[in-house]
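Listing of final.txt, compact mmCIF, C-alpha atoms
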```txt
# COMPACT_ATOMS: atom_id res chain seq x y z
CA MET A 29 8.22 -12.72 12.51
CA ASN A 30 10.79 -14.66 10.49
CA CYS A 31 13.66 -12.21 10.88
CA LYS A 32 15.10 -10.59 13.95
CA LYS A 33 14.85 -6.83 14.21
CA GLU A 34 18.59 -6.45 14.74
CA GLU A 35 19.33 -8.39 11.54
CA LEU A 36 17.93 -5.47 9.54
CA LEU A 37 20.45 -2.93 10.87
CA LEU A 38 22.61 -2.76 7.73
CA TYR A 39 20.67 -4.12 4.79
CA ALA A 40 22.69 -4.34 1.56
CA VAL A 41 21.06 -4.52 -1.87
CA THR A 42 23.36 -5.85 -4.58
CA ASP A 43 24.03 -3.94 -7.78
CA ARG A 44 26.58 -4.95 -10.41
CA SER A 45 26.80 -1.41 -11.84
CA TRP A 46 30.05 -0.73 -10.00
CA THR A 47 31.92 -4.03 -10.11
CA SER A 48 34.80 -2.45 -12.11
CA GLY A 49 36.61 -5.66 -12.95
CA ARG A 50 35.54 -7.44 -9.78
CA THR A 51 32.72 -9.97 -9.59
CA LEU A 52 29.53 -9.31 -7.68
CA CYS A 53 30.42 -12.28 -5.47
CA GLU A 54 33.75 -10.68 -4.57
CA GLN A 55 32.05 -7.40 -3.74
CA THR A 56 29.41 -9.17 -1.69
CA LYS A 57 32.03 -10.99 0.34
CA GLU A 58 33.73 -7.68 1.12
CA ALA A 59 30.40 -6.18 2.16
CA LEU A 60 29.75 -9.12 4.49
CA LYS A 61 33.23 -8.78 5.97
CA GLY A 62 32.47 -5.12 6.62
CA GLY A 63 29.44 -5.93 8.71
CA VAL A 64 26.36 -6.16 6.50
CA THR A 65 23.61 -7.85 8.53
CA PHE A 66 21.04 -8.61 5.79
CA LEU A 67 21.40 -9.03 2.05
CA GLN A 68 19.01 -8.72 -0.86
CA TYR A 69 20.13 -10.13 -4.19
CA ARG A 70 18.77 -7.81 -6.87
CA GLU A 71 19.56 -8.73 -10.46
CA LYS A 72 17.81 -7.32 -13.52
CA ASN A 73 20.05 -8.60 -16.32
CA LEU A 74 20.93 -12.26 -15.76
CA THR A 75 18.48 -15.06 -16.53
CA GLY A 76 18.30 -18.85 -16.47
CA PRO A 77 21.22 -20.98 -15.25
CA GLU A 78 23.55 -17.96 -15.06
CA LEU A 79 21.20 -16.21 -12.64
CA PHE A 80 20.69 -19.33 -10.54
CA GLU A 81 24.45 -19.99 -10.38
CA GLU A 82 25.38 -16.50 -9.21
CA ALA A 83 22.50 -16.33 -6.74
CA GLY A 84 23.61 -19.68 -5.33
CA LYS A 85 27.17 -18.46 -4.80
CA ILE A 86 25.99 -15.36 -2.97
CA GLN A 87 23.56 -17.44 -0.94
CA LYS A 88 26.47 -19.60 0.26
CA LEU A 89 28.48 -16.51 1.19
CA CYS A 90 25.59 -15.21 3.26
CA ALA A 91 25.24 -18.57 5.00
CA ALA A 92 28.93 -18.52 5.88
CA TYR A 93 28.48 -15.12 7.55
CA GLN A 94 25.11 -16.11 9.07
CA VAL A 95 23.36 -13.28 7.24
CA PRO A 96 19.83 -13.69 5.82
CA PHE A 97 19.76 -13.95 2.03
CA ILE A 98 16.65 -12.83 0.19
CA VAL A 99 15.78 -12.38 -3.47
CA ASN A 100 14.33 -9.24 -5.03
CA ASP A 101 10.92 -9.55 -6.75
CA SER A 102 11.05 -13.21 -7.84
CA VAL A 103 9.09 -15.53 -5.57
CA LYS A 104 9.84 -18.34 -8.02
CA LEU A 105 13.61 -17.90 -7.73
CA ALA A 106 13.37 -17.62 -3.95
CA LYS A 107 11.37 -20.87 -3.81
CA ASP A 108 13.52 -22.76 -6.33
CA MET A 109 16.77 -22.01 -4.51
CA ASP A 110 15.30 -22.17 -1.00
CA ALA A 111 16.37 -18.61 -0.22
CA ASP A 112 15.60 -17.16 3.20
CA GLY A 113 12.91 -15.04 1.61
CA VAL A 114 11.87 -12.43 -0.93
CA HIS A 115 11.41 -8.67 -1.14
CA LEU A 116 8.36 -7.44 -3.04
CA GLY A 117 7.58 -4.08 -4.60
CA GLN A 118 4.08 -2.61 -4.88
CA GLU A 119 3.82 -3.91 -8.45
CA ASP A 120 4.88 -7.45 -7.50
CA MET A 121 2.93 -10.34 -6.04
CA CYS A 122 1.17 -9.47 -2.78
CA ALA A 123 2.64 -10.68 0.51
CA ALA A 124 -0.29 -13.00 1.22
CA GLU A 125 0.17 -14.88 -2.05
CA ALA A 126 3.94 -15.03 -1.59
CA ARG A 127 3.40 -16.50 1.87
CA LYS A 128 1.23 -19.26 0.43
CA LEU A 129 3.95 -20.17 -2.05
CA LEU A 130 6.98 -19.83 0.23
CA GLY A 131 5.56 -21.05 3.53
CA GLU A 132 5.48 -19.67 7.03
CA GLY A 133 9.21 -19.96 7.71
CA LYS A 134 10.41 -17.56 5.01
CA ILE A 135 11.07 -13.83 5.24
CA ILE A 136 8.81 -11.55 3.22
CA GLY A 137 9.64 -7.87 2.88
CA VAL A 138 7.46 -5.32 1.13
CA SER A 139 8.23 -1.84 -0.19
CA ALA A 140 5.89 0.84 1.17
CA ARG A 141 5.74 4.61 0.98
CA THR A 142 2.40 5.31 2.65
CA VAL A 143 0.77 4.28 5.92
CA GLN A 144 -1.99 2.57 3.93
CA GLN A 145 0.51 0.43 2.00
CA ALA A 146 2.39 -0.36 5.20
CA LEU A 147 -0.71 -1.48 7.09
CA LEU A 148 -1.89 -3.64 4.18
CA ALA A 149 1.51 -5.34 3.88
CA GLN A 150 1.52 -6.05 7.61
CA GLU A 151 -2.01 -7.43 7.44
CA GLN A 152 -0.99 -9.71 4.57
CA GLY A 153 1.88 -11.17 6.57
CA ALA A 154 4.97 -9.13 5.69
CA ASP A 155 7.86 -9.50 8.13
CA TYR A 156 9.35 -6.07 7.50
CA LEU A 157 8.91 -2.98 5.32
CA GLY A 158 11.34 -1.16 3.07
CA VAL A 159 10.38 2.52 3.18
CA GLY A 160 11.64 5.10 0.72
CA ALA A 161 13.16 6.73 -1.09
CA VAL A 162 14.09 8.81 1.96
CA PHE A 163 16.70 10.80 0.00
CA PRO A 164 17.20 11.45 -3.73
CA THR A 165 18.75 8.37 -5.32
CA GLY A 166 20.29 7.52 -8.66
CA THR A 167 19.43 3.83 -8.26
CA LYS A 168 15.73 4.50 -8.83
CA GLN A 169 15.49 7.89 -10.47
CA ASN A 170 11.69 7.82 -10.66
CA ALA A 171 11.30 7.12 -6.94
CA ARG A 172 9.16 9.74 -5.22
CA PRO A 173 10.64 10.97 -1.93
CA VAL A 174 9.27 9.97 1.45
CA SER A 175 9.60 12.76 3.99
CA PHE A 176 10.95 12.28 7.51
CA LEU A 177 7.44 12.82 8.86
CA GLN A 178 5.99 10.18 6.52
CA LEU A 179 8.75 7.75 7.50
CA LYS A 180 8.05 8.33 11.18
CA GLU A 181 4.30 7.91 10.67
CA ILE A 182 4.82 4.59 8.89
CA CYS A 183 7.16 3.31 11.61
CA SER A 184 4.58 4.28 14.26
CA ALA A 185 1.64 2.74 12.40
CA VAL A 186 2.99 -0.81 12.19
CA SER A 187 4.43 -3.33 14.64
CA ILE A 188 6.83 -4.91 12.13
CA PRO A 189 10.32 -3.39 11.58
CA CYS A 190 10.88 -0.68 8.97
CA VAL A 191 14.05 -0.23 6.95
CA ALA A 192 14.77 3.13 5.34
CA ILE A 193 16.07 3.01 1.77
CA GLY A 194 17.02 5.46 -0.94
CA GLY A 195 20.07 7.68 -1.23
CA ILE A 196 21.38 6.90 2.26
CA THR A 197 25.04 7.70 2.90
CA ARG A 198 27.24 7.94 5.95
CA GLN A 199 26.96 11.72 5.66
CA ASN A 200 23.14 11.99 5.69
CA LEU A 201 22.27 9.01 7.89
CA ALA A 202 22.02 11.16 11.03
CA LYS A 203 18.98 12.92 9.52
CA LEU A 204 17.01 9.69 10.07
CA ALA A 205 17.59 9.66 13.85
CA GLY A 206 14.35 9.46 15.81
CA SER A 207 12.28 8.14 12.92
CA GLY A 208 11.73 4.73 14.47
CA ILE A 209 13.52 2.71 11.80
CA SER A 210 15.16 -0.60 12.65
CA GLY A 211 17.75 -0.40 9.88
CA ILE A 212 19.00 1.22 6.74
CA ALA A 213 19.26 -0.24 3.26
CA ALA A 214 22.17 0.77 1.05
CA VAL A 215 23.15 0.15 -2.55
CA SER A 216 25.66 2.63 -3.93
CA ALA A 217 26.87 3.66 -0.46
CA ILE A 218 28.38 0.17 -0.29
CA PHE A 219 28.81 -1.25 -3.79
CA ALA A 220 29.90 1.94 -5.57
CA GLU A 221 32.80 2.45 -3.17
CA ALA A 222 36.34 1.44 -4.11
CA ASP A 223 36.77 -0.21 -0.71
CA VAL A 224 33.49 -2.04 -0.18
CA GLN A 225 34.51 -3.56 3.14
CA LYS A 226 35.52 -0.20 4.60
CA ALA A 227 32.34 1.45 3.31
CA ALA A 228 30.16 -1.22 4.93
CA LYS A 229 32.10 -1.03 8.20
CA GLU A 230 31.75 2.75 8.47
CA LEU A 231 28.09 2.70 7.47
CA ARG A 232 27.32 0.05 10.06
CA GLU A 233 29.08 1.98 12.80
CA GLU A 234 27.01 5.07 12.00
CA ALA A 235 23.81 3.02 11.79
CA GLU A 236 24.44 1.55 15.24
CA LYS A 237 24.86 5.01 16.73
CA ILE A 238 21.77 6.46 15.07
CA ILE A 239 19.44 3.48 15.55
CA TRP A 240 20.75 1.85 18.73
CA GLY A 241 22.40 4.89 20.30
CA HIS A 242 25.80 3.23 20.51
CA SER A 243 28.30 1.15 18.56
CA ILE A 244 28.70 -2.44 19.72
CA ARG A 245 31.15 -3.96 17.29
CA ASN A 246 34.91 -3.69 17.18
CA PHE A 247 36.51 -4.42 13.80
```
Taking this structure as input, can you express it in the form of structure tokens?
Amino acid sequence: MNCKKEELLLYAVTDRSWTSGRTLCEQTKEALKGGVTFLQYREKNLTGPELFEEAGKIQKLCAAYQVPFIVNDSVKLAKDMDADGVHLGQEDMCAAEARKLLGEGKIIGVSARTVQQALLAQEQGADYLGVGAVFPTGTKQNARPVSFLQLKEICSAVSIPCVAIGGITRQNLAKLAGSGISGIAAVSAIFAEADVQKAAKELREEAEKIIWGHSIRNF
């Protein structure tokens, strides 16, 4: 596996919807300061040199904080900028093909919402799974919910780590205790907050308690 299980504890997915006068790079730096352990750059609007430039800046920030930096959907962008890896949805390139293009040393994550999808992704060489949406979410309004039982079944069915995603907040995180997840992925719970660093810090502390059973970091 190309990523450590503990690196997936607090997985941030970028979203420029809530920058409010700040840049995404500034918000990302605050999230990293707050304790984000893994970062996915997700960008649906920028293209060309502008996309490559911003992704490069965020990649450097992640390197400074020793946090894995992966790209959403685009295997080409991940390869061109030598990112740590890529995250693929069910409609994207399959993990096996992405592995051929990126090589054995890169991280490949795959979204899954059924045991069948999870097992196939593992078989094709995925390093981890993103499972959800575990709660209602405004980020992907058409996302069908994954129940606690389904989440637990997926975690039990595979040997690679699973990250829960979708509508997770500090207030509902405890409902995921005992599911077998290795981490939580957050978008609005971090980037929509006025104090991004504080939001990330508090979310990480709760994640440590729920997933590891204790908090290990003093801020």
**Non-local contacts of A:Asn30 (8 Å; all atoms listed in the file; under 6 positions in same chain excluded) as a ChimeraX atom specification** = /A:133-135,155
Write to file, as a PDB file, in the coordinates of the input, the residues of the selection just made, with C-alpha atoms.
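Result went into selection_16.pdb, see below:
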```pdb
ATOM      1  CA  GLY A 133       9.210 -19.960   7.710  1.00  0.00           C
ATOM      2  CA  LYS A 134      10.410 -17.560   5.010  1.00  0.00           C
ATOM      3  CA  ILE A 135      11.070 -13.830   5.240  1.00  0.00           C
ATOM      4  CA  ASP A 155       7.860  -9.500   8.130  1.00  0.00           C
TER       5      ASP A 155
END
```
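In terms of minimum interatomic distance to A:Ala40, A:Leu67 ranks closest within A:Leu67, A:Leu79, A:Leu179, A:Leu130, counting only C-alpha atoms.
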Please list as a PDB file with C-alpha atoms, in the coordinates of the input every residue within 10 Å of A:Lys33, counting all atoms listed in the file and excluding residues in the same chain fewer than 5 positions away.
```
ATOM      1  CA  ASP A 155       7.860  -9.500   8.130  1.00  0.00           C
ATOM      2  CA  TYR A 156       9.350  -6.070   7.500  1.00  0.00           C
ATOM      3  CA  ILE A 188       6.830  -4.910  12.130  1.00  0.00           C
ATOM      4  CA  PRO A 189      10.320  -3.390  11.580  1.00  0.00           C
ATOM      5  CA  CYS A 190      10.880  -0.680   8.970  1.00  0.00           C
ATOM      6  CA  VAL A 191      14.050  -0.230   6.950  1.00  0.00           C
ATOM      7  CA  ILE A 209      13.520   2.710  11.800  1.00  0.00           C
ATOM      8  CA  SER A 210      15.160  -0.600  12.650  1.00  0.00           C
ATOM      9  CA  GLY A 211      17.750  -0.400   9.880  1.00  0.00           C
TER      10      GLY A 211
END
```
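Straight-line separation from atom CA of A:Lys226 to atom CA of A:His242: 19.0 Å.
Restricting the calculation to only C-alpha atoms, the smallest distance between A:Gly137 and any of A:Val224, A:Ala185, A:Gly76, A:Phe66 is found for A:Phe66.
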**Message:** I'd like to know which of A:Lys85, A:Arg141, A:Lys180, A:Lys61 is closest to A:Ser207, using all atoms listed in the file.
**Reply:** A:Lys180
**Request:** Go through A:Asp120, A:Gly241, A:Ala83, A:Thr197 one by one, measure the shortest atom-to-atom distance of each to A:Ala220 using all atoms listed in the file, and give the residue with the smallest value.
**Result:**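 Closest residue, counting all atoms listed in the file: A:Thr197.
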**Prompt:** With only C-alpha atoms as the atoms that count, which of A:Thr56, A:Thr142, A:Thr75, A:Thr65 lies nearest to A:Gln87?
**Reply:** A:Thr56
**Request:** Quote the spacing between atom CA of A:Leu89 and atom CA of A:Glu54 in Å to one decimal place.
**Result:**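 These atoms are spaced 9.7 Å apart.
Across the model, the gap from atom CA of A:Gly62 to atom CA of A:Glu230 is 8.1 Å.
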**Asked** Nearest to A:Ala192: which of A:Ser48, A:Thr165, A:Leu157, A:Glu132 is it, counting all atoms listed in the file?
**Response**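 Ranking A:Ser48, A:Thr165, A:Leu157, A:Glu132 by distance to A:Ala192, first place goes to A:Leu157.
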**Message:** Please list as a list of chain:residue names every residue within 12 Å of A:Lys237, counting all atoms listed in the file and excluding residues in the same chain fewer than 5 positions away.
**Reply:**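 Returned residues: A:Leu37, A:Arg198, A:Leu201, A:Ala202, A:Leu204, A:Ala205, A:Gly206, A:Ser210, A:Gly211, A:Glu230, A:Leu231, A:Arg232, A:His242, A:Ser243, A:Ile244, A:Arg245.
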**Request:** Skip A:Gln118 itself and residues of its chain fewer than 3 positions away, then list as a VMD selection string all residues within 10 Å of it, counting only C-alpha atoms.
**Result:** chain A and resid 101 121 to 123 138 to 141 145 149
**Asked** Which protein, DNA or RNA residues are at most 12 Å from (11.9, -16.7, -8.1) in the file's coordinates when you count only C-alpha atoms, listed as an MDAnalysis selection string?
**Response** chainID A and resid 69:71 75:76 79:80 83 98:116 120:121 126 129:130
